[in-house]
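A.B. asks: To be precise about what I am sending: the file is called input_4.csv and holds CSV, C-alpha atoms.
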```
chain,number,residue,atom,x,y,z
A,1,MET,CA,62.1,20.4,-116.3
A,2,THR,CA,65.8,20.5,-115.4
A,3,VAL,CA,67.0,23.8,-113.9
A,4,PRO,CA,70.7,24.6,-114.7
A,5,PRO,CA,72.6,23.9,-111.5
A,6,VAL,CA,74.5,27.1,-111.7
A,7,LEU,CA,71.3,29.1,-111.1
A,8,LEU,CA,70.8,27.1,-107.8
A,9,GLN,CA,74.0,28.2,-106.3
A,10,PRO,CA,73.7,30.0,-102.9
A,11,GLU,CA,74.6,33.4,-104.3
A,12,PHE,CA,71.4,33.4,-106.3
A,13,LEU,CA,69.1,32.8,-103.3
A,14,PRO,CA,68.5,36.5,-102.4
A,15,LEU,CA,67.4,37.2,-106.0
A,16,TRP,CA,65.1,34.2,-106.2
A,17,GLN,CA,63.5,35.1,-102.8
A,18,GLN,CA,62.9,38.6,-104.1
A,19,VAL,CA,61.4,37.4,-107.3
A,20,SER,CA,59.1,35.0,-105.4
A,21,SER,CA,58.0,37.7,-103.1
A,22,ALA,CA,57.2,39.9,-106.1
A,23,LEU,CA,55.0,37.2,-107.6
A,24,ASP,CA,53.2,36.8,-104.4
A,25,ARG,CA,52.3,40.5,-104.3
A,26,ARG,CA,51.6,40.9,-108.0
A,27,GLY,CA,50.4,37.5,-109.1
A,28,LEU,CA,51.9,34.3,-110.4
A,29,ASP,CA,51.6,35.4,-114.1
A,30,ASP,CA,53.3,38.8,-113.5
A,31,ARG,CA,56.4,39.2,-115.7
A,32,GLY,CA,57.4,42.8,-114.9
A,33,TRP,CA,60.7,43.8,-113.5
A,34,VAL,CA,62.2,43.4,-110.0
A,35,PRO,CA,65.2,45.3,-108.6
A,36,LEU,CA,68.4,43.3,-108.1
A,37,PRO,CA,69.3,42.9,-104.5
A,38,ASP,CA,72.0,45.3,-103.4
A,39,GLY,CA,74.2,42.5,-102.1
A,40,LEU,CA,73.9,40.2,-105.1
A,41,ALA,CA,77.3,38.6,-105.6
A,42,PRO,CA,79.4,39.5,-108.7
A,43,ARG,CA,79.4,35.9,-109.9
A,44,ALA,CA,75.6,35.8,-109.9
A,45,ARG,CA,75.5,39.1,-111.8
A,46,ASP,CA,77.9,37.6,-114.4
A,47,GLN,CA,75.7,34.5,-114.9
A,48,LEU,CA,72.6,36.7,-115.3
A,49,ARG,CA,74.4,38.7,-118.0
A,50,LYS,CA,75.1,35.6,-119.9
A,51,LEU,CA,71.5,34.3,-119.4
A,52,VAL,CA,69.8,37.6,-120.2
A,53,PRO,CA,72.2,39.7,-122.5
A,54,GLY,CA,71.7,43.4,-122.6
A,55,ARG,CA,69.6,43.6,-119.4
A,56,SER,CA,69.8,46.5,-116.9
A,57,THR,CA,72.5,46.3,-114.3
A,58,ARG,CA,70.0,47.3,-111.6
A,59,ARG,CA,66.9,45.3,-112.4
A,60,LEU,CA,65.7,42.1,-113.9
A,61,GLU,CA,62.9,41.8,-116.4
A,62,LEU,CA,61.0,38.6,-115.5
A,63,GLY,CA,59.6,38.2,-119.0
A,64,GLN,CA,63.1,38.1,-120.5
A,65,LEU,CA,64.3,35.7,-117.8
A,66,ASP,CA,61.3,33.4,-118.3
A,67,ARG,CA,62.0,33.3,-122.1
A,68,ALA,CA,65.7,32.6,-121.5
A,69,LEU,CA,64.7,29.7,-119.2
A,70,GLY,CA,62.3,28.4,-121.8
A,71,ARG,CA,65.2,28.1,-124.2
A,72,LEU,CA,66.9,25.9,-121.6
A,73,GLY,CA,63.9,23.7,-121.2
A,74,THR,CA,62.6,25.1,-117.9
A,75,ASP,CA,60.6,28.1,-116.7
A,76,LEU,CA,60.4,30.6,-113.8
A,77,PRO,CA,58.1,28.6,-111.5
A,78,ALA,CA,60.3,25.5,-111.8
A,79,LEU,CA,63.4,27.6,-111.1
A,80,LEU,CA,61.9,29.1,-108.0
A,81,THR,CA,60.6,25.8,-106.8
A,82,ALA,CA,64.0,24.2,-107.3
A,83,ALA,CA,65.6,27.1,-105.4
A,84,GLY,CA,63.4,26.4,-102.4
A,85,CYS,CA,61.3,29.5,-102.6
A,86,PRO,CA,58.2,28.8,-104.7
A,87,PRO,CA,55.6,31.6,-104.7
A,88,THR,CA,52.6,30.8,-102.6
A,89,GLY,CA,50.0,32.4,-104.8
A,90,ARG,CA,48.9,34.9,-102.2
A,91,ARG,CA,47.6,37.3,-104.7
A,92,GLU,CA,45.5,34.7,-106.4
A,93,ALA,CA,44.3,33.5,-103.0
A,94,ARG,CA,43.3,37.0,-102.1
A,95,ASP,CA,41.5,37.5,-105.4
A,96,ALA,CA,39.7,34.1,-105.0
A,97,ASP,CA,38.7,35.0,-101.4
A,98,ARG,CA,37.4,38.4,-102.5
A,99,ASP,CA,35.4,36.7,-105.3
A,100,ARG,CA,34.1,34.1,-102.8
A,101,ARG,CA,33.0,36.8,-100.4
A,102,SER,CA,31.4,38.8,-103.1
A,103,ARG,CA,29.4,35.9,-104.3
A,104,ARG,CA,28.4,34.9,-100.8
A,105,ASP,CA,27.2,38.4,-100.0
A,106,GLU,CA,25.2,38.6,-103.3
A,107,VAL,CA,23.5,35.2,-102.6
A,108,LEU,CA,22.9,36.0,-99.0
A,109,THR,CA,21.2,39.3,-99.8
A,110,ALA,CA,19.1,37.9,-102.6
A,111,ALA,CA,18.0,34.8,-100.6
A,112,ALA,CA,17.2,36.8,-97.4
A,113,THR,CA,15.2,39.5,-99.1
A,114,GLU,CA,13.3,36.9,-101.1
A,115,ALA,CA,12.5,34.9,-97.9
A,116,PHE,CA,11.9,37.8,-95.4
A,117,GLY,CA,11.5,41.0,-97.5
A,118,LEU,CA,13.5,44.2,-97.1
A,119,GLU,CA,12.6,45.1,-93.5
A,120,PRO,CA,15.3,46.8,-91.5
A,121,TRP,CA,15.8,43.8,-89.3
A,122,VAL,CA,16.6,41.7,-92.4
A,123,VAL,CA,19.3,44.1,-93.5
A,124,ALA,CA,20.8,44.1,-90.0
A,125,TRP,CA,20.7,40.3,-89.9
A,126,ILE,CA,22.6,40.0,-93.2
A,127,ASP,CA,25.3,42.3,-91.8
A,128,ALA,CA,25.4,40.4,-88.6
A,129,VAL,CA,25.8,36.9,-89.9
A,130,ARG,CA,27.7,37.3,-93.2
A,131,SER,CA,31.2,37.0,-91.7
A,132,GLY,CA,30.4,33.6,-90.2
A,133,LEU,CA,29.3,32.1,-93.6
A,134,PRO,CA,32.2,30.8,-95.7
A,135,ASP,CA,30.5,30.7,-99.1
A,136,ASP,CA,27.3,31.1,-101.1
A,137,GLY,CA,26.2,27.5,-100.2
A,138,ALA,CA,26.4,28.4,-96.5
A,139,ALA,CA,24.5,31.6,-97.2
A,140,ARG,CA,21.6,29.7,-98.8
A,141,GLY,CA,21.6,27.2,-95.9
A,142,ALA,CA,21.6,29.9,-93.3
A,143,VAL,CA,18.5,31.6,-94.9
A,144,ASP,CA,16.8,28.3,-95.3
A,145,THR,CA,17.4,27.4,-91.6
A,146,VAL,CA,16.0,30.7,-90.3
A,147,ALA,CA,13.1,30.6,-92.7
A,148,ARG,CA,12.1,27.1,-91.6
A,149,VAL,CA,12.3,27.9,-87.9
A,150,LEU,CA,10.5,31.3,-88.1
A,151,ALA,CA,7.7,29.6,-90.1
A,152,VAL,CA,7.1,27.1,-87.3
A,153,ALA,CA,7.2,29.9,-84.7
A,154,ALA,CA,4.4,31.6,-86.6
A,155,GLU,CA,2.1,28.6,-86.6
A,156,PRO,CA,-0.7,28.3,-83.9
A,157,GLY,CA,0.2,26.4,-80.8
A,158,VAL,CA,3.5,26.0,-78.9
A,159,ARG,CA,6.3,23.7,-80.0
A,160,SER,CA,9.6,23.4,-78.1
A,161,ARG,CA,12.9,24.3,-79.7
A,162,ALA,CA,13.9,20.7,-79.7
A,163,GLU,CA,10.7,19.6,-81.5
A,164,THR,CA,11.1,22.4,-84.0
A,165,ALA,CA,14.8,21.5,-84.6
A,166,ALA,CA,14.0,17.8,-85.1
A,167,ARG,CA,11.1,18.5,-87.4
A,168,GLU,CA,12.7,21.2,-89.6
A,169,LEU,CA,16.5,20.8,-89.2
A,170,GLY,CA,16.7,17.0,-88.8
A,171,ASN,CA,18.5,17.3,-85.4
A,172,ALA,CA,16.7,17.8,-82.1
A,173,HIS,CA,19.8,19.5,-80.8
A,174,ALA,CA,20.4,21.9,-83.7
A,175,LEU,CA,19.0,24.9,-81.7
A,176,ASP,CA,20.8,24.1,-78.5
A,177,ARG,CA,23.3,26.5,-77.1
A,178,GLY,CA,26.6,26.4,-78.9
A,179,GLU,CA,25.1,25.3,-82.2
A,180,PRO,CA,25.5,27.5,-85.3
A,181,ALA,CA,21.8,27.5,-86.1
A,182,ARG,CA,21.1,28.8,-82.6
A,183,ARG,CA,23.0,32.0,-83.3
A,184,LEU,CA,21.6,32.4,-86.8
A,185,VAL,CA,18.0,32.1,-85.7
A,186,GLY,CA,18.5,33.9,-82.4
A,187,THR,CA,20.1,36.9,-84.1
A,188,ALA,CA,17.0,37.1,-86.4
A,189,LEU,CA,14.7,37.0,-83.4
A,190,ALA,CA,16.6,39.7,-81.5
A,191,LEU,CA,16.8,42.0,-84.4
A,192,ARG,CA,13.2,41.5,-85.4
A,193,ALA,CA,12.0,42.2,-81.8
A,194,GLU,CA,14.4,45.1,-81.6
A,195,ASP,CA,15.2,43.9,-78.1
A,196,GLY,CA,17.1,41.2,-76.2
A,197,HIS,CA,20.2,39.1,-76.7
A,198,TRP,CA,20.2,36.4,-79.4
A,199,ASP,CA,20.8,33.7,-76.8
A,200,ASP,CA,18.2,34.9,-74.2
A,201,ALA,CA,15.8,32.2,-73.3
A,202,GLN,CA,12.9,34.6,-72.9
A,203,LEU,CA,13.4,36.0,-76.3
A,204,TRP,CA,13.0,32.5,-77.8
A,205,ALA,CA,10.0,31.8,-75.6
A,206,ASP,CA,8.3,35.1,-76.6
A,207,ALA,CA,8.8,34.2,-80.2
A,208,GLY,CA,7.0,30.9,-79.7
A,209,LEU,CA,10.1,28.7,-79.5
A,210,PRO,CA,10.5,27.8,-75.8
A,211,GLY,CA,13.0,25.3,-74.5
A,212,ASP,CA,11.6,22.0,-73.3
A,213,LEU,CA,8.6,22.9,-71.2
A,214,VAL,CA,9.3,20.5,-68.4
A,215,ALA,CA,13.1,19.9,-68.5
A,216,THR,CA,14.3,23.0,-66.6
A,217,PRO,CA,11.8,23.9,-63.9
A,218,VAL,CA,12.4,26.7,-61.4
A,219,PRO,CA,13.0,25.5,-57.8
A,220,THR,CA,10.9,27.4,-55.2
A,221,TRP,CA,10.3,27.3,-51.5
A,222,SER,CA,7.5,28.7,-49.3
A,223,LEU,CA,5.8,30.6,-52.1
A,224,PRO,CA,2.4,31.8,-50.9
A,225,LEU,CA,0.6,31.1,-54.2
A,226,LEU,CA,-3.1,31.7,-54.1
A,227,GLY,CA,-5.6,29.4,-55.8
A,228,ASP,CA,-6.1,25.7,-56.5
A,229,GLY,CA,-4.2,23.2,-58.7
A,230,ALA,CA,-0.5,23.9,-59.0
A,231,ALA,CA,-0.8,26.7,-56.5
A,232,ALA,CA,-2.3,24.4,-53.9
A,233,ALA,CA,0.4,21.8,-54.6
A,234,THR,CA,3.1,24.4,-54.1
A,235,ARG,CA,1.6,25.3,-50.7
A,236,ALA,CA,1.3,21.6,-49.8
A,237,ALA,CA,4.9,21.0,-50.6
A,238,THR,CA,6.0,23.8,-48.2
A,239,THR,CA,3.8,22.3,-45.5
A,240,ALA,CA,5.5,18.9,-46.1
A,241,GLY,CA,8.9,20.6,-45.9
A,242,ALA,CA,9.7,20.1,-49.6
A,243,PRO,CA,10.7,22.5,-52.3
A,244,SER,CA,8.4,22.8,-55.3
A,245,TYR,CA,9.5,22.7,-58.9
A,246,LEU,CA,7.4,24.8,-61.3
A,247,SER,CA,8.0,23.9,-65.0
A,248,THR,CA,7.4,26.2,-67.9
A,249,LEU,CA,4.4,24.1,-68.9
A,250,THR,CA,2.9,24.5,-65.4
A,251,LEU,CA,3.5,28.3,-65.3
A,252,ARG,CA,1.9,28.7,-68.8
A,253,GLU,CA,-1.3,27.2,-67.3
A,254,LEU,CA,-1.1,28.9,-64.0
A,255,THR,CA,-2.2,32.5,-63.2
A,256,VAL,CA,0.5,33.4,-60.7
A,257,ASP,CA,-1.2,35.2,-57.7
A,258,VAL,CA,0.2,36.1,-54.3
A,259,PRO,CA,-0.9,38.5,-51.6
A,260,ARG,CA,-0.1,42.0,-52.9
A,261,GLY,CA,3.2,43.3,-51.4
A,262,THR,CA,4.6,39.8,-50.8
A,263,VAL,CA,8.4,39.9,-50.8
A,264,VAL,CA,10.1,37.0,-52.7
A,265,VAL,CA,13.8,36.4,-52.5
A,266,SER,CA,15.5,35.3,-55.7
A,267,VAL,CA,18.9,33.6,-55.5
A,268,GLU,CA,21.3,32.5,-58.2
A,269,ASN,CA,22.6,29.3,-56.6
A,270,PRO,CA,20.5,26.2,-55.5
A,271,ARG,CA,22.5,25.8,-52.2
A,272,LEU,CA,20.8,28.8,-50.7
A,273,LEU,CA,17.3,27.5,-51.4
A,274,GLU,CA,18.4,24.1,-50.2
A,275,ALA,CA,19.5,25.6,-46.9
A,276,ALA,CA,16.3,27.5,-46.5
A,277,VAL,CA,14.3,24.2,-46.9
A,278,GLN,CA,16.6,22.3,-44.6
A,279,ARG,CA,16.2,25.0,-41.9
A,280,ALA,CA,12.5,25.4,-42.6
A,281,LEU,CA,12.9,29.1,-42.9
A,282,PRO,CA,9.7,30.9,-43.8
A,283,ILE,CA,11.3,32.8,-46.7
A,284,PRO,CA,9.4,32.9,-50.0
A,285,MET,CA,12.2,32.0,-52.4
A,286,LEU,CA,13.0,31.0,-55.9
A,287,CYS,CA,16.3,30.1,-57.5
A,288,THR,CA,17.3,31.1,-61.1
A,289,VAL,CA,20.0,28.3,-61.1
A,290,GLY,CA,22.5,30.6,-62.7
A,291,ASN,CA,21.5,32.5,-65.8
A,292,PRO,CA,17.7,32.3,-65.7
A,293,THR,CA,15.9,30.3,-68.3
A,294,THR,CA,12.3,30.4,-69.3
A,295,ALA,CA,10.7,29.0,-66.2
A,296,PRO,CA,12.3,31.3,-63.6
A,297,LEU,CA,11.7,34.3,-65.9
A,298,THR,CA,8.1,33.4,-66.4
A,299,LEU,CA,7.6,33.0,-62.6
A,300,ILE,CA,9.3,36.3,-61.9
A,301,ARG,CA,7.2,38.2,-64.4
A,302,GLY,CA,4.1,36.6,-62.9
A,303,LEU,CA,5.0,37.5,-59.4
A,304,LEU,CA,5.8,41.1,-60.4
A,305,ALA,CA,2.5,41.4,-62.2
A,306,ALA,CA,0.7,40.1,-59.1
A,307,GLY,CA,2.1,42.9,-57.0
A,308,ALA,CA,5.0,41.0,-55.4
A,309,GLU,CA,8.4,42.5,-54.7
A,310,VAL,CA,11.2,40.3,-56.0
A,311,ARG,CA,14.6,40.9,-54.5
A,312,HIS,CA,17.6,39.2,-56.2
A,313,HIS,CA,21.0,38.2,-54.9
A,314,GLY,CA,23.7,36.5,-56.9
A,315,ASP,CA,27.4,35.9,-57.1
A,316,LEU,CA,29.5,39.0,-56.9
A,317,ASP,CA,31.4,38.3,-60.1
A,318,PRO,CA,30.8,39.6,-63.7
A,319,ALA,CA,28.4,36.8,-64.5
A,320,GLY,CA,26.4,37.3,-61.4
A,321,VAL,CA,26.3,41.0,-61.8
A,322,ALA,CA,25.1,40.6,-65.4
A,323,ILE,CA,22.3,38.4,-64.3
A,324,THR,CA,21.3,40.9,-61.7
A,325,ALA,CA,21.3,43.7,-64.2
A,326,ARG,CA,19.1,41.8,-66.6
A,327,LEU,CA,16.6,41.0,-63.8
A,328,ALA,CA,16.6,44.6,-62.7
A,329,GLN,CA,15.4,45.6,-66.1
A,330,LEU,CA,12.3,43.5,-65.4
A,331,GLY,CA,11.6,45.3,-62.2
A,332,VAL,CA,13.5,43.0,-59.8
A,333,VAL,CA,15.3,44.8,-56.9
A,334,PRO,CA,19.0,44.0,-56.5
A,335,TRP,CA,19.4,42.9,-52.9
A,336,ARG,CA,22.6,43.1,-50.8
A,337,MET,CA,24.5,43.7,-54.1
A,338,THR,CA,26.1,47.0,-53.2
A,339,ALA,CA,29.7,48.2,-53.0
A,340,ALA,CA,29.4,48.1,-49.2
A,341,ASP,CA,28.3,44.4,-49.3
A,342,TYR,CA,31.1,43.6,-51.6
A,343,ARG,CA,33.7,45.3,-49.4
A,344,ALA,CA,32.4,43.5,-46.3
A,345,ALA,CA,32.7,40.1,-47.9
A,346,VAL,CA,35.7,40.2,-50.3
A,347,ARG,CA,39.1,38.7,-49.2
A,348,PRO,CA,42.5,38.6,-50.9
A,349,GLU,CA,42.4,34.8,-51.0
A,350,LEU,CA,39.2,34.6,-53.0
A,351,ARG,CA,39.2,33.5,-56.6
A,352,ARG,CA,40.0,36.1,-59.2
A,353,PHE,CA,37.3,36.6,-61.8
A,354,GLU,CA,37.8,37.0,-65.5
A,355,GLY,CA,36.3,39.5,-67.8
A,356,ALA,CA,35.0,43.1,-67.3
A,357,VAL,CA,32.4,43.9,-64.7
A,358,PRO,CA,29.1,45.0,-66.3
A,359,SER,CA,27.6,48.3,-65.3
A,360,THR,CA,25.7,48.3,-62.0
A,361,PRO,CA,23.2,51.2,-62.3
A,362,TRP,CA,21.6,50.3,-58.9
A,363,ASP,CA,25.0,51.1,-57.3
A,364,PRO,CA,27.6,52.5,-59.7
A,365,GLU,CA,30.3,52.2,-57.0
A,366,LEU,CA,29.9,48.4,-57.0
A,367,HIS,CA,31.3,48.3,-60.6
A,368,ASP,CA,34.3,50.4,-59.6
A,369,VAL,CA,35.2,48.5,-56.4
A,370,MET,CA,34.8,45.1,-58.1
A,371,THR,CA,37.0,46.2,-61.0
A,372,GLU,CA,39.6,47.4,-58.5
A,373,ARG,CA,39.7,44.3,-56.4
A,374,GLY,CA,39.1,41.7,-59.1
A,375,ARG,CA,38.0,39.0,-56.6
A,376,ALA,CA,34.7,37.1,-56.7
A,377,VAL,CA,32.4,36.6,-53.8
A,378,ASP,CA,30.4,33.5,-54.4
A,379,GLU,CA,26.9,33.5,-53.0
A,380,GLU,CA,27.4,30.4,-50.9
A,381,ARG,CA,30.2,32.2,-49.0
A,382,VAL,CA,27.7,34.7,-47.6
A,383,MET,CA,24.8,32.2,-47.4
A,384,ASP,CA,24.3,32.4,-43.6
A,385,GLU,CA,24.3,36.2,-43.6
A,386,LEU,CA,21.8,36.3,-46.5
A,387,LEU,CA,19.4,33.9,-44.9
A,388,ALA,CA,19.5,35.7,-41.6
A,389,ALA,CA,18.9,39.1,-43.3
A,390,ALA,CA,16.1,37.5,-45.4
A,391,LEU,CA,14.2,36.6,-42.2
A,392,SER,CA,13.9,40.3,-41.3
A,393,LEU,CA,12.2,41.1,-44.6
A,394,PRO,CA,8.5,42.1,-44.5
A,395,PHE,CA,7.0,38.9,-45.9
```
Have the structure of the file written as C-alpha cells, please.
C.D. replies:
Amino acid sequence: MTVPPVLLQPEFLPLWQQVSSALDRRGLDDRGWVPLPDGLAPRARDQLRKLVPGRSTRRLELGQLDRALGRLGTDLPALLTAAGCPPTGRREARDADRDRRSRRDEVLTAAATEAFGLEPWVVAWIDAVRSGLPDDGAARGAVDTVARVLAVAAEPGVRSRAETAARELGNAHALDRGEPARRLVGTALALRAEDGHWDDAQLWADAGLPGDLVATPVPTWSLPLLGDGAAAATRAATTAGAPSYLSTLTLRELTVDVPRGTVVVSVENPRLLEAAVQRALPIPMLCTVGNPTTAPLTLIRGLLAAGAEVRHHGDLDPAGVAITARLAQLGVVPWRMTAADYRAAVRPELRRFEGAVPSTPWDPELHDVMTERGRAVDEERVMDELLAAALSLPF
C-alpha cells in the first residue's frame, strides 16, 4: 500500500502520534474520533479538509479518514506505520493478558481442587502460587508436580528429596534450593502444616521429604552422649581429639541422651568448633554451619528433649539474628547475643550488612542498636572471647 507522501510531511506527525496513542488505548479496530492537536499546522488542516470534506474543525473521525485512505489504495494502519508511529496494540495485549490470566486461574483452581480437595490450605496455595504461573499449561504442571511429590511423602518409609525428585520429576535436583518446584511444593507443605517457611529444611523432613540423609552432617565436639553405637563413637572421637559428624541417617536411628542439665554450645560458623578441637577445650559443642539443615535441627531437638540446655551464638548480622530467632522458637537460649555484646564488639570499619534486622525478642534493644549502627560482627571476630566465656559455663 502506497501512502500519499503529502500525509507524511512533518507537520502531520503530531496528529498521527495522537491517533496512534488513541488506538493503543481503545484498540486497533477503534474508528471513533480524536481531537486535533492544538498546534496542528494550517497546511495540515487544509490537506485534511481535502481528504475528508465536511469534517469538524476540531476533531477527526477515524472511520471517515480510513475510508478516504481506502479510496487512495491504503489504510490507517499503513499510514501510521509509514509515519513512524505504528500503534503497539497495547489494548489487545492487555485483553489477551487478562484472558490468559483468567484461563490460568480457572484451570489452576479446578486442577488443585480435583487433586487436593477444597481444604483451606489448598485455597491459600492457589492464591500464593498463581502469580508465578504464566498460563494454564504451567498451572496444570504445578498441580501435577505437587501432587506427585505429596503422594510419595505419604508413602511408608523415608525417601530423600533427591530420590523423590529423580523418580517423580525426572531430575534429581528439581527440589533443590532455587528450583521452581521447590517453592511450589514447599509452599504447599507450609500451608498444610500451618507452620514454617516453605524453604525450611525441618518442614520438609517432617513431611517425609528430608534432604540427603548423609550429605550434610552436623559437626560436633565433646558431646557427652550416653549409650552405645554412634554415641560411643562420638565419645571415642573426642578422646582421640577429633570432631564427630552426625548425619541425619545416624540421628534418626540414635536416641539422643546426655546427662540432664548438660549445657551445649551451638555456633553458626565451623571455625569456632575447629578452634575448640585444636585447643582441646572441654566444651560440648555443635555447629549449624550457617542456616541449620535437618541434621543440626534433629540433634538440637534431641538434646533439648534429653534435658540439655542448648545455647546458641551466631553472626551479629540480619542472617545470624534470624537463625538465632528460629532456634529460640525451639527452646534454644540465645547466648552472648545482646545489645551490650554488640556494642562491645562493633567497630566503624566492620562490613555493612544489607537488609532489615529481624526482631530480637530475647533482647529488643539488640534490634534497635544493630539497625542504628548497620555493621556486622562476624562470629569469628569474637571467637577467642566466646571460647573463653564458654569454659566458664556449667558443663
A.B. asks: What is the distance between atom CA of A:Asp195 and atom CA of A:Pro358, in Å to one decimal?
C.D. replies: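 Between atom CA of A:Asp195 and atom CA of A:Pro358 the gap works out to 18.3 Å.
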A.B. asks: Which residue, A:Asp97, A:Glu379, A:Asp75, A:Asp212, has the smallest gap to A:Ala295 when you use all atoms listed in the file?
C.D. replies: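 Closest residue, counting all atoms listed in the file: A:Asp212.
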A.B. asks: I'd like to know which of A:Leu13, A:Leu76, A:Val149, A:Ala275 is closest to A:Ala207, using all atoms listed in the file.
C.D. replies: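 So, comparing all the options, the nearest one is A:Val149.
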A.B. asks: Between atom CA of A:Ala328 and atom CA of A:Leu246, what is the spacing in Å?
C.D. replies: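 Separating atom CA of A:Leu246 from atom CA of A:Ala328 is a distance of 21.9 Å.
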A.B. asks: Suppose you want the space between atom CA of A:Leu213 and atom CA of A:Thr298; what is it in Å?
C.D. replies: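 Separation between atom CA of A:Leu213 and atom CA of A:Thr298: 11.6 Å.
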A.B. asks: Compute the distance from (12.1, 35.9, -71.7) to each atom, counting only C-alpha atoms, keep the residues with any atom at most 8 Å away, and return them as a list of chain:residue names; use the coordinates of the file.
C.D. replies: A:Asp200, A:Ala201, A:Gln202, A:Leu203, A:Trp204, A:Ala205, A:Asp206, A:Thr293, A:Thr294, A:Leu297, A:Thr298
A.B. asks: Within 9 Å of stretch 102-124 of chain A, which residues of stretch 158-226 of chain A come that close, and what is the closest atom pair and distance in Å for each? Count all atoms listed in the file and give it as JSON lines.
C.D. replies:
```
{"residue": "A:Ala188", "atom": "CA", "partner": "A:Trp121", "partner_atom": "CA", "distance": 7.4}
{"residue": "A:Ala190", "atom": "CA", "partner": "A:Trp121", "partner_atom": "CA", "distance": 8.8}
{"residue": "A:Leu191", "atom": "CA", "partner": "A:Trp121", "partner_atom": "CA", "distance": 5.3}
{"residue": "A:Arg192", "atom": "CA", "partner": "A:Trp121", "partner_atom": "CA", "distance": 5.2}
{"residue": "A:Ala193", "atom": "CA", "partner": "A:Trp121", "partner_atom": "CA", "distance": 8.6}
{"residue": "A:Glu194", "atom": "CA", "partner": "A:Trp121", "partner_atom": "CA", "distance": 7.9}
```
A.B. asks: Go ahead and save the residues from that selection, with C-alpha atoms, as a CSV table (one decimal), in the frame of the given file.
C.D. replies:
```csv
chain,number,residue,atom,x,y,z
A,188,ALA,CA,17.0,37.1,-86.4
A,190,ALA,CA,16.6,39.7,-81.5
A,191,LEU,CA,16.8,42.0,-84.4
A,192,ARG,CA,13.2,41.5,-85.4
A,193,ALA,CA,12.0,42.2,-81.8
A,194,GLU,CA,14.4,45.1,-81.6
```
